[in-house]
Structures are given as structure tokens and as C-alpha cells.
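Peer 1: Take a look at my_file.cif, mmCIF, C-alpha atoms:
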data_input
loop_
_atom_site.label_atom_id
_atom_site.label_comp_id
_atom_site.auth_asym_id
_atom_site.auth_seq_id
_atom_site.Cartn_x
_atom_site.Cartn_y
_atom_site.Cartn_z
CA MET A 1 -3.41 21.75 -17.93
CA GLU A 2 -3.44 25.57 -17.82
CA LEU A 3 -0.90 27.12 -15.50
CA SER A 4 -3.45 29.62 -14.17
CA ASN A 5 -5.98 27.19 -12.67
CA LEU A 6 -3.59 24.91 -10.78
CA GLU A 7 -4.94 23.74 -7.45
CA PHE A 8 -2.92 22.99 -4.34
CA ILE A 9 -2.89 19.26 -5.03
CA ASN A 10 -1.32 19.89 -8.46
CA TYR A 11 1.56 21.74 -6.77
CA VAL A 12 2.02 18.74 -4.46
CA GLU A 13 2.08 16.44 -7.50
CA ILE A 14 4.66 18.57 -9.29
CA PHE A 15 6.80 18.81 -6.14
CA VAL A 16 6.73 15.01 -5.69
CA ALA A 17 7.56 14.42 -9.35
CA VAL A 18 10.52 16.83 -9.35
CA LEU A 19 11.81 15.34 -6.10
CA MET A 20 11.55 11.85 -7.65
CA VAL A 21 13.68 12.90 -10.63
CA VAL A 22 16.28 14.45 -8.29
CA LEU A 23 16.38 11.33 -6.11
CA ALA A 24 16.73 9.07 -9.16
CA PHE A 25 19.69 11.18 -10.32
CA LEU A 26 21.26 10.98 -6.84
CA ALA A 27 20.68 7.22 -6.68
CA ILE A 28 22.53 6.72 -9.95
CA ASN A 29 25.35 9.14 -9.28
CA SER A 30 26.20 8.77 -5.58
CA LYS A 31 29.62 7.27 -4.89
CA SER A 32 28.61 5.15 -1.91
CA LEU A 33 26.40 2.14 -2.68
CA ILE A 34 24.54 2.25 0.62
CA LYS A 35 23.58 5.89 0.01
CA SER A 36 22.40 4.85 -3.44
CA VAL A 37 20.12 2.23 -1.90
CA MET A 38 18.74 4.81 0.53
CA PHE A 39 17.96 7.23 -2.32
CA LEU A 40 16.23 4.40 -4.19
CA SER A 41 14.13 3.66 -1.11
CA SER A 42 13.11 7.32 -0.81
CA LEU A 43 12.23 7.28 -4.50
CA SER A 44 9.90 4.33 -3.87
CA MET A 45 8.32 6.16 -0.93
CA LEU A 46 7.64 9.22 -3.09
CA SER A 47 6.18 7.02 -5.82
CA VAL A 48 3.82 5.64 -3.15
CA ILE A 49 2.64 9.23 -2.54
CA SER A 50 2.14 9.80 -6.25
CA PHE A 51 0.18 6.51 -6.55
CA VAL A 52 -2.09 7.65 -3.71
CA LEU A 53 -2.56 11.01 -5.44
CA MET A 54 -3.53 9.13 -8.61
CA LYS A 55 -6.14 7.22 -6.55
CA ALA A 56 -4.51 3.80 -6.93
CA PRO A 57 -4.30 2.61 -3.30
CA ASP A 58 -3.78 -1.05 -4.23
CA VAL A 59 -0.65 -0.24 -6.22
CA ALA A 60 0.47 2.11 -3.44
CA VAL A 61 0.24 -0.62 -0.78
CA THR A 62 2.19 -3.06 -2.96
CA GLU A 63 4.85 -0.48 -3.81
CA ALA A 64 5.24 0.52 -0.15
CA VAL A 65 5.74 -3.07 0.95
CA ILE A 66 7.86 -4.40 -1.91
CA GLY A 67 9.61 -1.34 -3.37
CA SER A 68 10.59 0.51 -0.26
CA GLY A 69 10.54 -2.30 2.31
CA LEU A 70 11.63 -5.67 1.01
CA VAL A 71 13.87 -4.67 -1.89
CA THR A 72 15.71 -2.09 0.22
CA SER A 73 16.38 -4.56 3.02
CA LEU A 74 17.58 -7.22 0.57
CA PHE A 75 19.95 -4.66 -1.02
CA VAL A 76 21.24 -3.63 2.41
CA PHE A 77 21.79 -7.23 3.51
CA THR A 78 23.58 -8.01 0.25
CA LEU A 79 25.83 -4.96 0.69
CA LEU A 80 26.59 -6.07 4.24
CA ALA A 81 27.45 -9.58 3.04
CA VAL A 82 29.76 -8.40 0.25
CA LYS A 83 33.40 -8.24 1.35
CA LYS A 84 35.41 -5.26 0.24
CA VAL A 85 38.23 -6.27 -2.08
CA GLY A 86 40.60 -3.66 -3.51
CA ALA A 87 40.14 0.08 -3.37
CA HIS A 88 37.32 0.58 -5.88
CA LEU A 89 33.84 0.05 -4.47
CA MET B 1 31.37 13.84 -20.53
CA LYS B 2 29.54 10.64 -19.64
CA ASN B 3 27.08 12.59 -17.51
CA PHE B 4 26.54 15.09 -20.31
CA LEU B 5 25.80 12.33 -22.82
CA ALA B 6 23.40 10.71 -20.34
CA LEU B 7 21.63 14.03 -19.81
CA ILE B 8 21.28 14.58 -23.57
CA LEU B 9 19.99 11.02 -24.05
CA THR B 10 17.49 11.34 -21.19
CA LEU B 11 16.20 14.69 -22.43
CA GLY B 12 15.90 13.26 -25.94
CA LEU B 13 13.95 10.23 -24.76
CA GLY B 14 11.74 12.41 -22.55
CA ALA B 15 11.01 14.74 -25.47
CA LEU B 16 10.24 11.71 -27.66
CA ILE B 17 7.75 10.37 -25.11
CA LEU B 18 6.12 13.77 -24.60
CA VAL B 19 5.81 14.43 -28.32
CA SER B 20 4.44 11.00 -29.13
CA LEU B 21 1.89 11.04 -26.29
CA ALA B 22 0.69 14.65 -26.66
CA ASN B 23 -2.60 14.97 -28.59
CA ASN B 24 -2.86 11.20 -28.81
CA ALA B 25 -6.39 9.82 -28.58
CA ALA B 26 -5.25 6.78 -26.60
CA PHE B 27 -3.49 8.90 -23.95
CA PRO B 28 -5.69 11.76 -22.71
CA ALA B 29 -4.28 14.39 -20.34
CA PHE B 30 -3.79 13.53 -16.69
CA GLY B 31 -7.19 13.24 -14.98
CA ASP B 32 -9.19 13.82 -18.18
CA VAL B 33 -9.96 10.18 -18.99
CA ASP B 34 -13.52 9.46 -20.08
CA THR B 35 -14.01 6.20 -18.17
CA THR B 36 -17.16 5.25 -20.02
CA ASP B 37 -15.18 4.09 -23.05
CA ARG B 38 -12.72 2.03 -21.02
CA VAL B 39 -12.85 -1.70 -20.29
CA SER B 40 -12.99 -1.01 -16.54
CA ASP B 41 -16.39 0.63 -16.92
CA GLY B 42 -17.76 -2.64 -18.23
CA TYR B 43 -16.47 -4.37 -15.10
CA ILE B 44 -17.99 -1.70 -12.84
CA ASN B 45 -21.36 -2.22 -14.47
CA ARG B 46 -21.14 -5.99 -14.41
CA ASP B 47 -19.92 -6.09 -10.83
CA THR B 48 -23.18 -4.60 -9.52
CA ASP B 49 -25.74 -6.58 -11.49
CA GLY B 50 -25.94 -4.04 -14.27
CA THR B 51 -27.21 -1.16 -12.14
CA VAL B 52 -24.43 1.24 -11.24
CA ASP B 53 -26.08 3.71 -8.94
CA ASN B 54 -27.92 1.56 -6.40
CA THR B 55 -25.02 -0.40 -4.95
CA VAL B 56 -25.05 0.13 -1.20
CA SER B 57 -22.36 -1.05 1.18
CA TYR B 58 -23.85 -3.62 3.57
CA GLY B 59 -27.06 -3.38 1.51
CA SER B 60 -26.68 -4.87 -1.95
CA THR B 61 -26.69 -8.63 -2.09
CA ASP B 62 -25.94 -11.31 -4.66
CA ALA B 63 -23.90 -9.25 -7.08
CA GLU B 64 -22.21 -11.16 -9.88
CA SER B 65 -18.91 -10.91 -8.01
CA GLY B 66 -19.32 -9.37 -4.61
CA PRO B 67 -16.11 -7.70 -3.32
CA ALA B 68 -16.27 -4.06 -2.29
CA ASN B 69 -12.82 -3.49 -3.86
CA ILE B 70 -13.13 -3.52 -7.64
CA VAL B 71 -9.42 -4.23 -8.14
CA THR B 72 -9.88 -7.46 -6.20
CA ALA B 73 -12.92 -8.32 -8.30
CA ILE B 74 -10.74 -8.17 -11.40
CA VAL B 75 -7.56 -9.69 -9.95
CA ALA B 76 -9.07 -12.60 -8.03
CA ASP B 77 -12.27 -13.29 -9.95
CA TYR B 78 -12.52 -12.13 -13.57
CA ARG B 79 -8.78 -12.42 -14.21
CA SER B 80 -8.01 -15.14 -11.67
CA PHE B 81 -6.28 -17.31 -14.24
CA ASP B 82 -3.84 -14.44 -14.82
CA THR B 83 -3.18 -14.34 -11.06
CA LEU B 84 -2.52 -18.08 -11.10
CA GLY B 85 0.15 -17.39 -13.72
CA GLU B 86 1.61 -14.61 -11.57
CA VAL B 87 1.82 -16.94 -8.59
CA THR B 88 3.54 -19.49 -10.83
CA VAL B 89 6.10 -16.88 -11.91
CA LEU B 90 6.88 -16.15 -8.25
CA PHE B 91 7.13 -19.89 -7.57
CA VAL B 92 9.57 -20.39 -10.44
CA SER B 93 11.76 -17.50 -9.31
CA SER B 94 11.87 -18.77 -5.73
CA LEU B 95 12.68 -22.24 -7.10
CA GLY B 96 15.56 -20.77 -9.09
CA ILE B 97 16.92 -18.94 -6.04
CA ALA B 98 16.65 -22.13 -3.97
CA LEU B 99 18.49 -24.08 -6.70
CA LEU B 100 21.29 -21.51 -6.84
CA LEU B 101 21.70 -20.64 -3.18
CA GLY B 102 20.13 -23.50 -1.24
CA SER B 103 21.80 -26.67 -0.06
CA THR B 104 21.13 -29.30 2.56
CA LYS B 105 23.43 -28.03 5.31
CA GLN B 106 23.25 -24.31 5.80
CA LYS B 107 24.26 -21.75 8.38
CA ARG B 108 23.61 -18.05 8.77
CA LEU B 109 25.70 -15.72 6.66
CA GLU B 110 28.35 -13.93 8.70
CA LEU B 111 27.62 -10.26 8.25
CA ASP B 112 29.76 -7.34 9.27
CA PHE B 113 26.90 -6.22 11.46
CA HIS B 114 25.69 -7.21 14.92
CA PRO B 115 22.33 -6.07 16.30
CA ASN B 116 22.46 -4.05 19.49
CA PHE B 117 20.01 -4.14 22.38
CA MET B 118 17.60 -1.55 20.95
CA LEU B 119 17.38 -3.33 17.61
CA ARG B 120 16.76 -6.72 19.23
CA VAL B 121 13.97 -5.52 21.54
CA GLY B 122 12.41 -3.12 19.03
CA SER B 123 12.29 -5.74 16.29
CA LYS B 124 10.53 -8.21 18.58
CA ALA B 125 7.95 -5.56 19.44
CA LEU B 126 7.45 -4.60 15.80
CA PHE B 127 7.32 -8.22 14.58
CA GLY B 128 3.82 -8.82 15.97
CA ILE B 129 2.45 -5.55 14.64
CA ILE B 130 3.78 -6.12 11.11
CA LEU B 131 2.58 -9.75 11.13
CA MET B 132 -0.91 -8.69 12.25
CA THR B 133 -1.03 -5.97 9.59
CA GLY B 134 -0.06 -8.52 6.95
CA ILE B 135 -2.74 -10.95 8.07
CA TYR B 136 -5.32 -8.13 8.21
CA VAL B 137 -4.47 -6.91 4.71
CA THR B 138 -4.63 -10.49 3.39
CA ILE B 139 -7.98 -11.34 4.98
CA HIS B 140 -9.61 -8.02 4.06
CA GLY B 141 -8.30 -8.16 0.49
CA HIS B 142 -11.83 -8.09 -0.94
CA LEU B 143 -12.90 -5.09 1.15
CA THR B 144 -9.91 -2.73 1.38
CA PRO B 145 -6.89 -1.98 -0.82
CA GLY B 146 -4.27 -4.67 -0.60
CA GLY B 147 -4.79 -8.39 -0.78
CA GLY B 148 -2.75 -11.53 -1.06
CA PHE B 149 0.40 -10.17 -2.66
CA PRO B 150 1.10 -7.17 -0.38
CA GLY B 151 -0.22 -9.03 2.67
CA GLY B 152 2.02 -12.02 2.04
CA THR B 153 4.98 -9.72 1.50
CA MET B 154 4.23 -8.00 4.82
CA ILE B 155 4.27 -11.41 6.54
CA ALA B 156 7.63 -12.10 4.90
CA SER B 157 8.90 -8.66 6.03
CA SER B 158 8.11 -9.59 9.63
CA MET B 159 10.22 -12.72 9.17
CA LEU B 160 13.00 -10.54 7.74
CA LEU B 161 12.83 -8.40 10.89
CA LEU B 162 13.42 -11.52 13.00
CA TYR B 163 16.45 -12.35 10.86
CA LEU B 164 17.69 -8.77 11.37
CA ALA B 165 17.23 -8.89 15.12
CA ASP B 166 19.00 -12.15 15.84
CA ASP B 167 22.39 -13.26 14.50
CA THR B 168 21.61 -16.95 14.82
CA PHE B 169 17.88 -17.02 14.05
CA ARG B 170 16.63 -19.31 11.29
CA ALA B 171 12.99 -19.89 10.38
CA ARG B 172 11.69 -23.43 10.12
CA ILE B 173 11.87 -23.57 6.34
CA LYS B 174 10.40 -27.10 6.11
CA GLY B 175 7.06 -25.83 7.40
CA PHE B 176 7.12 -22.92 4.95
CA LYS B 177 7.72 -25.30 2.05
CA VAL B 178 4.78 -27.49 3.10
CA LEU B 179 2.55 -24.40 3.52
CA GLU B 180 3.56 -23.11 0.09
CA SER B 181 2.81 -26.40 -1.68
CA VAL B 182 -0.51 -26.84 0.14
CA ALA B 183 -1.63 -23.27 -0.68
CA GLY B 184 -0.63 -23.55 -4.35
CA THR B 185 -2.33 -26.91 -4.74
CA ALA B 186 -5.48 -25.64 -3.01
CA TYR B 187 -5.65 -22.71 -5.44
CA VAL B 188 -5.50 -25.06 -8.43
CA LEU B 189 -8.08 -27.37 -6.82
CA ILE B 190 -10.47 -24.44 -6.25
CA GLY B 191 -10.08 -23.72 -9.95
CA PHE B 192 -11.03 -27.30 -10.79
CA ALA B 193 -14.00 -27.10 -8.41
CA GLY B 194 -15.23 -24.10 -10.40
CA LEU B 195 -14.68 -26.08 -13.61
CA PHE B 196 -16.72 -29.06 -12.44
CA LEU B 197 -19.48 -27.16 -10.61
CA MET B 198 -20.02 -24.16 -12.89
CA GLY B 199 -18.30 -25.05 -16.15
CA THR B 200 -15.39 -22.56 -16.20
CA TYR B 201 -11.98 -22.84 -14.59
CA LEU B 202 -11.73 -20.73 -11.40
CA GLN B 203 -15.35 -19.59 -11.62
CA ASN B 204 -16.94 -18.27 -8.43
CA PHE B 205 -19.13 -21.15 -7.24
CA LEU B 206 -20.03 -19.87 -3.74
CA PRO B 207 -22.83 -17.35 -2.99
CA THR B 208 -21.50 -13.79 -3.10
CA GLY B 209 -23.41 -12.47 -0.07
CA THR B 210 -23.69 -8.84 1.03
CA ILE B 211 -21.22 -6.27 -0.33
CA GLY B 212 -18.93 -5.06 2.46
CA ALA B 213 -19.33 -8.03 4.80
CA LEU B 214 -16.21 -9.99 5.71
CA LEU B 215 -17.76 -13.29 4.62
CA SER B 216 -18.81 -12.27 1.12
CA ALA B 217 -17.67 -12.49 -2.49
CA GLY B 218 -17.66 -16.28 -2.66
CA ILE B 219 -14.25 -17.82 -3.34
CA ILE B 220 -12.37 -14.49 -3.53
CA PRO B 221 -11.36 -14.28 0.18
CA ILE B 222 -10.38 -17.96 0.15
CA VAL B 223 -8.25 -17.50 -2.97
CA TYR B 224 -6.65 -14.33 -1.59
CA VAL B 225 -5.81 -15.94 1.76
CA LEU B 226 -4.22 -18.85 -0.13
CA ILE B 227 -2.23 -16.42 -2.29
CA GLY B 228 -1.15 -14.55 0.85
CA LEU B 229 0.07 -17.74 2.52
CA LYS B 230 1.87 -18.82 -0.65
CA VAL B 231 3.55 -15.47 -1.28
CA GLY B 232 4.48 -15.06 2.39
CA SER B 233 6.10 -18.48 2.68
CA GLU B 234 7.80 -18.17 -0.71
CA ILE B 235 9.38 -14.78 0.03
CA SER B 236 10.36 -15.98 3.52
CA GLY B 237 12.15 -18.86 1.83
CA VAL B 238 13.88 -16.43 -0.55
CA ILE B 239 14.98 -14.29 2.41
CA ASP B 240 16.33 -17.38 4.17
CA ASN B 241 18.23 -18.36 1.03
CA PHE B 242 19.72 -14.88 0.79
CA LEU B 243 20.86 -14.83 4.40
CA THR B 244 22.35 -18.32 4.67
CA GLU B 245 25.41 -19.96 3.21
CA GLU B 246 26.70 -23.47 2.85
CA ALA B 247 28.07 -24.89 6.09
CA VAL B 248 31.50 -26.46 5.69
#
For the file at hand, write its structure as C-alpha cells.

Peer 2:
Amino acid sequence: MELSNLEFINYVEIFVAVLMVVLAFLAINSKSLIKSVMFLSSLSMLSVISFVLMKAPDVAVTEAVIGSGLVTSLFVFTLLAVKKVGAHL
Amino acid sequence: MKNFLALILTLGLGALILVSLANNAAFPAFGDVDTTDRVSDGYINRDTDGTVDNTVSYGSTDAESGPANIVTAIVADYRSFDTLGEVTVLFVSSLGIALLLGSTKQKRLELDFHPNFMLRVGSKALFGIILMTGIYVTIHGHLTPGGGFPGGTMIASSMLLLYLADDTFRARIKGFKVLESVAGTAYVLIGFAGLFLMGTYLQNFLPTGTIGALLSAGIIPIVYVLIGLKVGSEISGVIDNFLTEEAV
């Protein structure tokens, strides 16, 4: 892809991709687990956008429901159920 | 130091992937794929009786496999046996979770979280909308993006919302288990019906009808509704297992 003939949609794709990398880094490196889950959920939401841009709506629907809906809520419920023991969590 | 090593490793792996995929005949640049030499092109041609350009929505009839959504044609018709395996994988994982976490007497897990008034009322309002969306996506799986797997998961998400809204709520899991077994068995039986009527397991033995109509594509809507029911009840059971503990 030549840099000179980029269209608007290519800029959107690049923006989404860079934001996904940043969110993945934040999800790994954040100290609080619940923030980590939230970053992971946002990452899934952005991957839904990139799936739609790649014209794969079936995958996008599945990712939106499972990746950013169900998995996030299961993580959050598990974090709520875990009791804090000791100082390191 | 750990972060630095991770950065170096990630950059190295990224460079490896980029170098190995650049100028590779099997991986053309983004958006430059010549679809005529791909397997999917064969399916597109087959799906419309061999003539690509005269398929009309609500016009063409009696295609080989009649869904308007080509992904559904592959997932629930040409590769339906693969989908049966996928459903089995989900069944085995839910069975494992039930073995680990389930027991005869159970009560709701005590969370450090109590829903307030807004959450209770809002969840009950949203429950119906999410459930209807799930049912819509499941039933229209052969016409629009989606289908049994996302639709069933949406149904399960609506159940999860009920669990979120009420501290003491528990779904009637017995009914879900019956629904799951009935849907799974019906899928296998439809496969056998195709075997006995047409000669191949899971072959489409009903007339395919008009492309775009709700009642079209033969067994595909039936199979997808069964998959939706199975996935929805299975994931609801998994959610119940996650949110309950053994009563003492």
C-alpha cells in the first residue's frame, strides 16, 4: 500500500489498529485486575470495528456478543467472587 | 527489565511475521486477494446453480443451497458436520464445568456487590430487548449475519442480566438441560434423515425455496434454530454454574 494514495477508511483502519495495540499493552500492564478486564473489553470492541471494516459481519457479531459481552461479564463476576487475601492482588 | 525483554521479544516476533508474510504468494496484501482462485469462489458459484450474475433476492428459486448469507450456506449446509463437531466441543466444555462446579444442592454465590434500584429496573427492561434480538438473530441466521452461535449467546446474555439484577435469582436449570438434550438429539436426527432420504449425512432434503424469504434454504433455518437453542441453554447453564456454590 503506497502512503500517497491512502483513503479515509485506511486512516480509520490504522487508527483502530494502533489503538488496539495500546489497549492490549494497557490490559497486560495495568495494576488493577478490573481495569485490565475493561481494557480487554475495549480491545474486543475495537476488533469488532476492524472485522466490520474487513467486511466480515458474521465474525463481528460473534465477537461483539462473546468477546466483549459474555467473557467480560464472566471475568467481572469472577473478580467479584474472589476474596482478597494478603496485600498482593 | 522484564518490560524491555517483552518489548524486544514482541518486536522480534512481529518482524518475523512481517518478513515471512511479505511477498508470499499465499498471503497477498490487504484487500488485494484474487477471489477467483480461492475455495470460496467455488461455493459462490455452486450456491447459485452455477450462474453467478443472475441471482436476485426474492427472485431466484431452487438454488442448490438457498440462504442469502453465504457464510450460513457453508457453516450450516456444506460444512454442517464440522458445526456438529463444534456443538459437541461446546457440550463437552459445559459438561466439564458442570462436573467441576455443579452439585445437587446449590445456592447463589455471595458476591461483594448488591444491585441498586436503577440496575434492577434497567436490567428487567433490557432483558426483553436482548432476548428478542437473540431470537431474531437466530431465526434470521440464513438471511442476515449472525446465526445460531451468536444468537444463542445473546439469549444466554439476557439470562446473565437477570442474574446480575437479582441477588437471589436462579434460572430453572432442569428445563435448560432438557432443551439442550432435545436440540442436540434433533440435530443428529436431522443428519440421519438426510442420510436416509438423500444418501449423505446432514444433506439438505427440503426444498430450498426463494432466496431471501424467511422460509427458505431447506433444513438450514431448522438446524440454526436448534443450534441457537442448544448454545443458549448450554451457556446459561455455564453461567449458572459460575454464579452458584455448594449449599452447606

Peer 1: Could you spell out the hits of the PyMOL selection byres ((chain A) within 6 of (chain B)) on the shown file, as a list in words?

Peer 2: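 What the PyMOL selection byres ((chain A) within 6 of (chain B)) grabs from the file is Pro57, Asp58, Thr62, Leu80 and Ala81 of chain A.
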
Peer 1: Could you name the residues that touch Val22 (chain A) at 10 Å or less, counting only C-alpha atoms, but leaving out those on the same chain fewer than 6 positions away, as an mmCIF file with C-alpha atoms, in the frame of the given file?

Peer 2:
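New file around_13.cif:
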data_model
loop_
_atom_site.group_PDB
_atom_site.id
_atom_site.type_symbol
_atom_site.label_atom_id
_atom_site.label_comp_id
_atom_site.auth_asym_id
_atom_site.auth_seq_id
_atom_site.Cartn_x
_atom_site.Cartn_y
_atom_site.Cartn_z
ATOM 1 C CA VAL A 16 6.730 15.010 -5.690
ATOM 2 C CA PHE A 39 17.960 7.230 -2.320
ATOM 3 C CA LEU A 43 12.230 7.280 -4.500
#

Peer 1: Between CA of Leu7 (chain B) and CA of Ile14 (chain A), what is the spacing in Å?

Peer 2: 20.5 Å

Peer 1: Figure out the distance between CA of Val61 (chain A) and CA of Phe127 (chain B), please, to one decimal in Å.

Peer 2: 18.5 Å

Peer 1: Please measure the separation of CA of Ser57 (chain B) and CA of Gly228 (chain B), giving the value in Å to one decimal.

Peer 2: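 CA of Gly228 (chain B) lies 25.1 Å from CA of Ser57 (chain B).
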
Peer 1: The PyMOL selection byres ((chain B and resi 218) around 6) on the file shown: which residues, as an NGL selection string?

Peer 2: :B and (206-208 or 216-217 or 219-220)

Peer 1: Please provide as an mmCIF file with C-alpha atoms, in the frame of the given file all residues within 10 Å of Ala60 (chain A), with the sequence filter that same-chain residues fewer than 5 positions apart are discarded (counting only C-alpha atoms).

Peer 2:
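Generated file (part_27.cif):
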data_model
loop_
_atom_site.group_PDB
_atom_site.id
_atom_site.type_symbol
_atom_site.label_atom_id
_atom_site.label_comp_id
_atom_site.auth_asym_id
_atom_site.auth_seq_id
_atom_site.Cartn_x
_atom_site.Cartn_y
_atom_site.Cartn_z
ATOM 1 C CA SER A 44 9.900 4.330 -3.870
ATOM 2 C CA MET A 45 8.320 6.160 -0.930
ATOM 3 C CA SER A 47 6.180 7.020 -5.820
ATOM 4 C CA VAL A 48 3.820 5.640 -3.150
ATOM 5 C CA ILE A 49 2.640 9.230 -2.540
ATOM 6 C CA SER A 50 2.140 9.800 -6.250
ATOM 7 C CA PHE A 51 0.180 6.510 -6.550
ATOM 8 C CA VAL A 52 -2.090 7.650 -3.710
ATOM 9 C CA LEU A 53 -2.560 11.010 -5.440
ATOM 10 C CA MET A 54 -3.530 9.130 -8.610
ATOM 11 C CA LYS A 55 -6.140 7.220 -6.550
ATOM 12 C CA VAL A 65 5.740 -3.070 0.950
ATOM 13 C CA ILE A 66 7.860 -4.400 -1.910
ATOM 14 C CA GLY A 67 9.610 -1.340 -3.370
ATOM 15 C CA PRO B 145 -6.890 -1.980 -0.820
ATOM 16 C CA GLY B 146 -4.270 -4.670 -0.600
ATOM 17 C CA PRO B 150 1.100 -7.170 -0.380
#

Peer 1: Quick check on the file I pasted: which residues fall under the PyMOL selection byres ((chain B and resi 169-175) around 9)? Write them as a list in words.

Peer 2: Lys107, Arg108, Met159, Leu162, Tyr163, Leu164, Ala165, Asp166, Asp167, Thr168, Phe176, Lys177, Val178, Leu179, Glu180, Ser233, Ser236, Gly237, Asp240 and Thr244 of chain B

Peer 1: Find the spatial neighbours of Lys105 (chain B), counting only C-alpha atoms, within a cut-off of 10 Å - ignore same-chain residues fewer than 5 positions away - and output them as a ChimeraX atom specification.

Peer 2: /B:244-248

Peer 1: Set the distance at 12 Å and use only C-alpha atoms: which residues neighbour Tyr58 (chain B) once local chain neighbours fewer than 5 positions away are removed? I'd like the list as a list in words.

Peer 2: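 Returned residues: Gly66, Pro67, Ala68, Leu143, Gly209, Thr210, Ile211, Gly212, Ala213, Leu214, Leu215 and Ser216 of chain B.
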
Peer 1: Please write as a list in words the list of polymer residues whose atoms come within 12 Å of (23.4, 9.0, -5.9), counting all atoms listed in the file and keeping to the coordinates of the file.

Peer 2: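 Collected hits near the coordinates: Val21, Val22, Leu23, Ala24, Phe25, Leu26, Ala27, Ile28, Asn29, Ser30, Lys31, Ser32, Leu33, Ile34, Lys35, Ser36, Val37, Met38, Phe39, Leu40, Ser41, Ser42 and Leu43 of chain A.
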
Peer 1: Should you be able to, write region 146-174 of chain B of this structure into a file that contains C-alpha atoms, as a PDB file, in the first residue's frame.

Peer 2:
ATOM      1  CA  GLY B 146     -25.321 -13.985  12.760  1.00  0.00           C
ATOM      2  CA  GLY B 147     -26.980 -17.317  13.306  1.00  0.00           C
ATOM      3  CA  GLY B 148     -27.197 -19.972  15.949  1.00  0.00           C
ATOM      4  CA  PHE B 149     -23.973 -19.338  17.837  1.00  0.00           C
ATOM      5  CA  PRO B 150     -24.210 -15.547  18.362  1.00  0.00           C
ATOM      6  CA  GLY B 151     -27.992 -15.722  18.750  1.00  0.00           C
ATOM      7  CA  GLY B 152     -27.774 -18.411  21.415  1.00  0.00           C
ATOM      8  CA  THR B 153     -25.085 -16.442  23.210  1.00  0.00           C
ATOM      9  CA  MET B 154     -27.321 -13.354  23.165  1.00  0.00           C
ATOM     10  CA  ILE B 155     -30.115 -15.408  24.768  1.00  0.00           C
ATOM     11  CA  ALA B 156     -27.628 -16.536  27.423  1.00  0.00           C
ATOM     12  CA  SER B 157     -26.525 -12.905  27.945  1.00  0.00           C
ATOM     13  CA  SER B 158     -30.112 -11.952  28.723  1.00  0.00           C
ATOM     14  CA  MET B 159     -30.150 -14.687  31.365  1.00  0.00           C
ATOM     15  CA  LEU B 160     -26.884 -13.289  32.742  1.00  0.00           C
ATOM     16  CA  LEU B 161     -28.553  -9.884  33.025  1.00  0.00           C
ATOM     17  CA  LEU B 162     -31.291 -11.433  35.172  1.00  0.00           C
ATOM     18  CA  TYR B 163     -28.617 -12.962  37.407  1.00  0.00           C
ATOM     19  CA  LEU B 164     -26.972  -9.531  37.646  1.00  0.00           C
ATOM     20  CA  ALA B 165     -30.199  -7.774  38.538  1.00  0.00           C
ATOM     21  CA  ASP B 166     -31.378 -10.056  41.316  1.00  0.00           C
ATOM     22  CA  ASP B 167     -29.302 -11.383  44.221  1.00  0.00           C
ATOM     23  CA  THR B 168     -31.458 -14.463  44.704  1.00  0.00           C
ATOM     24  CA  PHE B 169     -32.498 -15.235  41.119  1.00  0.00           C
ATOM     25  CA  ARG B 170     -31.828 -18.705  39.729  1.00  0.00           C
ATOM     26  CA  ALA B 171     -32.937 -19.987  36.336  1.00  0.00           C
ATOM     27  CA  ARG B 172     -34.801 -23.271  36.107  1.00  0.00           C
ATOM     28  CA  ILE B 173     -31.779 -25.283  35.032  1.00  0.00           C
ATOM     29  CA  LYS B 174     -33.733 -28.555  34.661  1.00  0.00           C
TER      30      LYS B 174
END
